[in-house]
$ cat model.cif   # mmCIF, C-alpha atoms
data_model
loop_
_atom_site.label_atom_id
_atom_site.label_comp_id
_atom_site.auth_asym_id
_atom_site.auth_seq_id
_atom_site.Cartn_x
_atom_site.Cartn_y
_atom_site.Cartn_z
CA MET M 1 2.64 -26.67 1.59
CA ASN M 2 0.13 -24.33 3.21
CA LYS M 3 2.93 -22.03 4.38
CA GLN M 4 4.33 -21.93 0.86
CA GLN M 5 0.92 -20.92 -0.54
CA ASN M 6 0.56 -18.24 2.14
CA SER M 7 3.97 -16.81 1.30
CA GLU M 8 3.16 -16.81 -2.41
CA VAL M 9 -0.13 -15.04 -1.79
CA SER M 10 1.48 -12.52 0.56
CA ALA M 11 4.12 -11.79 -2.09
CA PHE M 12 1.55 -11.52 -4.90
CA LEU M 13 -0.97 -9.20 -3.22
CA PRO M 14 1.31 -6.13 -2.90
CA MET M 15 2.34 -6.52 -6.54
CA LEU M 16 -1.33 -6.71 -7.55
CA GLN M 17 -2.15 -3.59 -5.51
CA LYS M 18 0.68 -1.65 -7.11
CA GLY M 19 -0.35 -2.81 -10.58
CA ILE M 20 -3.97 -1.76 -10.09
CA TRP M 21 -2.87 1.58 -8.65
CA LEU M 22 -0.52 2.28 -11.57
CA PHE M 23 -3.22 1.30 -14.08
CA GLY M 24 -5.58 3.70 -12.30
CA ILE M 25 -3.04 6.51 -12.63
CA VAL M 26 -2.81 5.95 -16.37
CA SER M 27 -6.61 5.85 -16.63
CA TRP M 28 -7.06 9.07 -14.65
CA ILE M 29 -4.43 10.88 -16.73
CA PHE M 30 -6.20 9.75 -19.90
CA GLY M 31 -9.55 10.91 -18.51
CA LEU M 32 -8.21 14.30 -17.46
CA THR M 33 -6.55 14.77 -20.84
CA ASP M 34 -9.79 13.85 -22.60
CA ARG M 35 -11.81 16.30 -20.48
CA THR M 36 -9.26 19.07 -21.04
CA ILE M 37 -9.25 18.57 -24.80
CA ALA M 38 -13.06 18.52 -24.85
CA LEU M 39 -13.11 21.68 -22.74
CA LEU M 40 -10.74 23.56 -25.01
CA SER M 41 -11.76 22.18 -28.41
CA ASP M 42 -15.07 23.96 -28.93
CA GLY M 43 -13.81 27.37 -27.77
CA TYR M 44 -16.68 27.78 -25.33
CA LEU M 45 -16.17 27.35 -21.59
CA SER M 46 -19.31 26.10 -19.91
CA ALA M 47 -19.77 25.74 -16.19
CA ILE M 48 -20.59 22.05 -16.54
CA ASP M 49 -17.30 21.34 -18.34
CA ILE M 50 -15.33 23.18 -15.67
CA VAL M 51 -17.12 21.33 -12.86
CA GLN M 52 -16.44 18.00 -14.58
CA LEU M 53 -12.74 18.86 -14.90
CA PHE M 54 -12.47 19.88 -11.25
CA THR M 55 -14.34 16.76 -10.14
CA ALA M 56 -12.06 14.51 -12.18
CA SER M 57 -9.02 16.34 -10.78
CA PHE M 58 -10.30 15.84 -7.23
CA PHE M 59 -10.75 12.10 -7.79
CA PHE M 60 -7.31 11.85 -9.42
CA ILE M 61 -5.67 13.50 -6.39
CA SER M 62 -7.65 11.18 -4.12
CA TRP M 63 -6.43 8.19 -6.14
CA LEU M 64 -2.83 9.39 -5.72
CA LEU M 65 -3.31 9.48 -1.95
CA LEU M 66 -4.42 5.83 -1.99
CA SER M 67 -0.92 4.82 -3.05
CA PRO M 68 0.09 1.32 -1.88
CA PHE M 69 3.66 2.64 -1.67
CA LEU M 70 2.63 5.01 1.13
CA ALA M 71 0.81 2.22 2.98
CA LEU M 72 3.87 -0.04 2.87
CA ASN M 73 6.11 2.71 4.22
CA SER M 74 3.81 3.47 7.15
CA GLN M 75 3.50 -0.23 8.06
CA SER M 76 7.26 -0.79 8.04
CA GLN M 77 7.92 1.77 10.81
CA PRO M 78 8.70 0.37 14.25
CA LYS M 79 5.93 0.70 16.84
CA GLU M 80 7.99 3.05 19.03
CA GLU M 81 8.35 5.59 16.20
CA ALA M 82 4.73 5.25 15.09
CA SER M 83 3.33 6.03 18.54
CA SER M 84 5.39 9.15 19.15
#

$ encode --input "model.cif" --output "structure tokens"
Amino acid sequence: MNKQQNSEVSAFLPMLQKGIWLFGIVSWIFGLTDRTIALLSDGYLSAIDIVQLFTASFFFISWLLLSPFLALNSQSQPKEEASS
């Protein structure tokens, strides 16, 4: 029964990672859209608004690079190909 629990957990964890990552993408897109609308709505471009937009964009790109899909692809390569 312990092996069955281990297999269930090992099957559940990648799905949980992907779900959290996809939820984060939606959240970052909402945040960037909100910042962009706030930046453009008052007709005045301040340096603080622009810095906030660039910072949010940087974190969004960083979040994209944390993709669990990329991690699974790199782990599935054979050791001979990974070392060369």

$ atom_distance --input "model.cif" --atom1 "atom CA of M:Ala47" --atom2 "atom CA of M:Leu65"
27.2 Å

$ atom_distance --input "model.cif" --atom1 "atom CA of M:Leu53" --atom2 "atom CA of M:Leu32"
6.9 Å

$ atom_distance --input "model.cif" --atom1 "atom CA of M:Gln5" --atom2 "atom CA of M:Pro68"
22.3 Å

$ closest_residue --input "model.cif" --among "M:Ile61, M:Leu70, M:Ala56, M:Val51" --to "M:Asp34" --atoms "all atoms listed in the file"
M:Ala56

$ residues_around --input "model.cif" --residues "M:Arg35" --least-positions-apart "5" --cutoff "12 Å" --atoms "only C-alpha atoms" --output "VMD selection string"
chain M and resid 28 to 30 40 to 42 45 48 to 57
